[in-house]
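Student: The structure's right below; bear with me while I get my questions together.
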Amino acid sequence: MKKSLKRGISLILGLSMALALFTATTFESEAKTKKIQAKNNIVVVLDAGHDTTHLGCHYENFEEGLANLYIAYYCKQELERYSGVTVQMTRYTLECPYGADPDSANTCLKSRVDYAKNAKADVLISLHNDYDPDLDKSQSGSKVIIPNPNYKPQMYLQGTQLGQSILSQLTATGLTVNNWKLCPNGTGIVTRDSGSGKYPDGSAKDYYALINQSKSAGIPCIIVEHAFCTNDSDRLNHLSTPEQYQQLGIADATGIANYYGLKLKK
Ligand SMILES: [Zn+2]
């Protein structure tokens with residue numbers, strides 16, 4: 001079962017890898033043209049959350065690391081229908097590309113931010129799915145975790161607008177807006193502060209390492225939590241088939257394209 005699943009995805013991976021190599025060669029990094037490029041070409045780095053070493057949530061038949069990878073590939077494929085955008089991914093396979101050590105989750109996250117920095121990313125978008133640790137089935141739907149307003153407040157504004165643009169597409173697929181019990185505000189656009197970590201100006205760091213390290217590196221980063229695998233309706237209707245993952249990937253891409261005002265290639 002697991003083997004045939006892996007075989008299926010490796011087919012998709014092979015095709016998409018060729019695509020990725022192709023787009024990477026079109027990337028122009030000359031400093032002189034940077035300003036024009038920033039206007040004419042957006043670099044989006046997609047981060048399929050987790051991998052086979054740093055496992056995400058699993059419940060029933062759902063495996064988060066695999067689901068996130070599917071969604072990222074479909075998102076990349078859809079986003080590449082638009083002009084003025086280069087799309088890269090922090091991982092292209094199920095395995096951890098950053099030193100597969102189960103105790104190295106922090107190193108792995110830092111490497112993903114470094115990857116985005118080296119790619120000169122305009123934005124890092126981390127794709128995830130959620131799990132309620134109490135198996136509380138009332139927790140369902142989508143939310144986007146964005147940078148808090150501290151230290152670099154423009155990233156909070158960018159995150160809010162980009163997050164709303166993606167969330168509106170995800171809810172159009174039938175998902176609800178998640179009112180996350182850890183940070184309830186009813187909007188599905190949430191920030192979460194670290195209890196102890198501080199930015200250089202003394203303000204509270206963002207709780208999530210990927211967001212706070214990206215902020216320090218000058219890259220706005222958001223975490224899209226598509227759906228809850230512990231909610232039966234979310235899992236069966238949105239997290240069970242490649243077609244459902246494709247729908248989520250297309251929703252993400254459309255939200256990203258709308259936020260940046262991208263136009264479909266002619
Ligand atoms: Zn996750």
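A note on labels: chains of the structure tokens are A, B, ... as shown, every chain counts residues from 1, and ligands are counted from 1 in their shown order.
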May I have a table of the residues of chain A lying at most 7 Å from ligand 1, giving each one's closest pair of atoms and their distance in Å to one decimal, counting only C-alpha atoms and all ligand atoms, ordered by chain and ascending residue number, as CSV?

Tutor:
residue,atom,partner,partner_atom_place_in_ligand_line,distance
A:Gly49,CA,ligand 1,1 (Zn),5.5
A:His50,CA,ligand 1,1 (Zn),6.3
A:Gly56,CA,ligand 1,1 (Zn),5.0
A:Cys57,CA,ligand 1,1 (Zn),6.5
A:Glu64,CA,ligand 1,1 (Zn),6.7
A:His128,CA,ligand 1,1 (Zn),4.5
A:Asn129,CA,ligand 1,1 (Zn),5.4
A:Asp130,CA,ligand 1,1 (Zn),6.3

Student: DSSP on the backbone, strand (DSSP E or B) only: what residues of region 24-248 of chain A does that give? Format it as an NGL selection string.

Tutor: :A and (42-48 or 58-59 or 62-63 or 82 or 85-89 or 123-130 or 142-145 or 177 or 189-190 or 193-198 or 204-206 or 221-228)

Student: Counting only C-alpha atoms, what is within 12 Å of region 200-205 of chain A, bar same-chain residues fewer than 5 positions away, as a VMD selection string?

Tutor: chain A and resid 147 to 153 191 to 195 210 to 216

Student: Taking C-alpha atoms for each residue, export the selection above as a CSV table (one decimal), in the first residue's frame.

Tutor:
chain,number,residue,atom,x,y,z
A,147,PRO,CA,3.6,37.4,11.4
A,148,ASN,CA,2.7,39.3,14.5
A,149,PRO,CA,2.8,43.2,14.3
A,150,ASN,CA,6.1,43.3,16.2
A,151,TYR,CA,9.6,44.3,14.9
A,152,LYS,CA,8.7,44.5,11.2
A,153,PRO,CA,5.0,45.6,11.2
A,191,THR,CA,-0.8,35.6,15.1
A,192,ARG,CA,0.8,33.8,17.9
A,193,ASP,CA,3.5,35.2,20.2
A,194,SER,CA,6.4,33.4,21.8
A,195,GLY,CA,6.1,33.3,25.6
A,210,LEU,CA,9.7,29.5,10.6
A,211,ILE,CA,7.9,32.8,10.9
A,212,ASN,CA,10.3,34.4,13.4
A,213,GLN,CA,13.4,33.3,11.5
A,214,SER,CA,11.9,34.5,8.2
A,215,LYS,CA,11.1,37.8,9.8
A,216,SER,CA,14.7,38.2,11.0

Student: Determine, for each residue of region 146-247 of chain A having at least one atom at most 10 Å from an atom of region 123-127 of chain A, the closest pair of atoms and their separation in Å to one decimal, counting only C-alpha atoms; order by chain and ascending number, as a Markdown table.

Tutor:
| residue | atom | partner | partner_atom | distance |
| --- | --- | --- | --- | --- |
| A:Ile146 | CA | A:Ile125 | CA | 9.9 |
| A:Met155 | CA | A:Val123 | CA | 9.9 |
| A:Gln158 | CA | A:Val123 | CA | 9.6 |
| A:Gly159 | CA | A:Val123 | CA | 9.5 |
| A:Leu162 | CA | A:Ile125 | CA | 9.9 |
| A:Gly163 | CA | A:Ile125 | CA | 9.9 |
| A:Leu210 | CA | A:Ser126 | CA | 8.5 |
| A:Ile211 | CA | A:Leu124 | CA | 8.9 |
| A:Ser214 | CA | A:Leu124 | CA | 7.8 |
| A:Gly218 | CA | A:Val123 | CA | 9.4 |
| A:Ile219 | CA | A:Val123 | CA | 5.8 |
| A:Pro220 | CA | A:Val123 | CA | 5.2 |
| A:Cys221 | CA | A:Leu124 | CA | 4.6 |
| A:Ile222 | CA | A:Ile125 | CA | 5.2 |
| A:Ile223 | CA | A:Ser126 | CA | 4.7 |
| A:Val224 | CA | A:Leu127 | CA | 5.1 |
| A:Glu225 | CA | A:Leu127 | CA | 6.5 |
| A:His226 | CA | A:Leu127 | CA | 7.6 |

Student: Could you write out that same residue set with N, CA, C and O atoms as a compact mmCIF listing (two decimals), in the first residue's frame?

Tutor:
# COMPACT_ATOMS: atom_id res chain seq x y z
N ILE A 146 -0.06 34.27 10.53
CA ILE A 146 0.72 35.33 9.88
C ILE A 146 1.71 35.93 10.90
O ILE A 146 1.58 35.70 12.11
N MET A 155 5.24 43.31 7.67
CA MET A 155 5.02 41.88 7.39
C MET A 155 3.68 41.41 7.94
O MET A 155 3.07 40.47 7.42
N GLN A 158 1.26 42.63 5.20
CA GLN A 158 1.35 41.75 4.03
C GLN A 158 0.70 40.40 4.33
O GLN A 158 -0.05 39.86 3.52
N GLY A 159 1.01 39.87 5.52
CA GLY A 159 0.48 38.57 5.91
C GLY A 159 -1.04 38.60 6.01
O GLY A 159 -1.71 37.64 5.60
N LEU A 162 -2.41 38.82 2.27
CA LEU A 162 -2.16 37.57 1.55
C LEU A 162 -2.99 36.44 2.18
O LEU A 162 -3.60 35.63 1.47
N GLY A 163 -3.01 36.41 3.50
CA GLY A 163 -3.78 35.38 4.21
C GLY A 163 -5.26 35.45 3.88
O GLY A 163 -5.89 34.42 3.61
N LEU A 210 9.60 29.14 12.01
CA LEU A 210 9.67 29.46 10.58
C LEU A 210 9.31 30.93 10.36
O LEU A 210 9.94 31.62 9.55
N ILE A 211 8.29 31.42 11.09
CA ILE A 211 7.86 32.81 10.92
C ILE A 211 8.89 33.76 11.54
O ILE A 211 9.28 34.74 10.91
N SER A 214 12.15 33.78 9.49
CA SER A 214 11.93 34.45 8.20
C SER A 214 11.87 35.96 8.41
O SER A 214 12.43 36.72 7.63
N GLY A 218 14.19 38.90 6.80
CA GLY A 218 13.60 39.90 5.90
C GLY A 218 12.58 39.32 4.92
O GLY A 218 12.27 39.94 3.91
N ILE A 219 12.08 38.13 5.23
CA ILE A 219 11.11 37.48 4.32
C ILE A 219 9.77 37.31 5.04
O ILE A 219 9.72 36.67 6.10
N PRO A 220 8.69 37.87 4.50
CA PRO A 220 7.39 37.59 5.11
C PRO A 220 7.04 36.11 4.96
O PRO A 220 7.24 35.54 3.89
N CYS A 221 6.56 35.51 6.02
CA CYS A 221 6.25 34.07 6.00
C CYS A 221 4.88 33.85 6.62
O CYS A 221 4.56 34.43 7.66
N ILE A 222 4.08 33.06 5.94
CA ILE A 222 2.78 32.67 6.51
C ILE A 222 2.66 31.15 6.52
O ILE A 222 3.33 30.47 5.74
N ILE A 223 1.84 30.66 7.42
CA ILE A 223 1.58 29.22 7.51
C ILE A 223 0.10 29.00 7.20
O ILE A 223 -0.77 29.52 7.91
N VAL A 224 -0.16 28.26 6.14
CA VAL A 224 -1.55 27.97 5.76
C VAL A 224 -1.93 26.61 6.35
O VAL A 224 -1.32 25.60 6.01
N GLU A 225 -2.89 26.61 7.23
CA GLU A 225 -3.42 25.36 7.80
C GLU A 225 -4.74 25.09 7.08
O GLU A 225 -5.75 25.74 7.34
N HIS A 226 -4.69 24.15 6.14
CA HIS A 226 -5.83 23.98 5.22
C HIS A 226 -7.07 23.44 5.90
O HIS A 226 -8.16 23.92 5.69

Student: Looking only at the backbone, which of the residues in region 101-196 of chain A does DSSP tag as alpha helix (DSSP H), as a ChimeraX atom specification?

Tutor: /A:105-118,153-172

Student: Rounded to one decimal in Å, what is the spacing between CA of Thr160 (chain A) and CA of Leu248 (chain A)?

Tutor: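 CA of Leu248 (chain A) lies 19.3 Å from CA of Thr160 (chain A).
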
Student: Let me make sure I understand: among A:Gln88, A:Asn41, A:Tyr98, A:Thr176, which one has the smallest atom-to-atom distance to Asn118 (chain A) if we use only C-alpha atoms?

Tutor: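 Selected residue with least distance to Asn118 (chain A): A:Gln88.
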
Student: Excluding region 227-244 of chain A and residues on its chain fewer than 6 positions from it, collect all residues at most 9 Å away from it, counting only C-alpha atoms, and give them as a PyMOL selection string.

Tutor: chain A and resi 57-64+67+70-71+128-133+135-143+173-176+178

Student: Tell me which of A:Asn68, A:Asn40, A:Gln77, A:Gln161 sits closest to Arg91 (chain A), counting only C-alpha atoms.

Tutor: A:Asn68

Student: What lies within 7 Å of region 253-256 of chain A using only C-alpha atoms, ignoring chain neighbours under 3 positions off, as a PyMOL selection string?

Tutor: chain A and resi 75+78-79+162+165-166+169+249-250+259-260

Student: Kindly indicate which residue among A:Leu170, A:Ala209, A:Val144, A:Leu157 lies nearest to Cys183 (chain A), using only C-alpha atoms for the distances.

Tutor: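 When distances to Cys183 (chain A) are compared using only C-alpha atoms, the smallest one comes from A:Val144.
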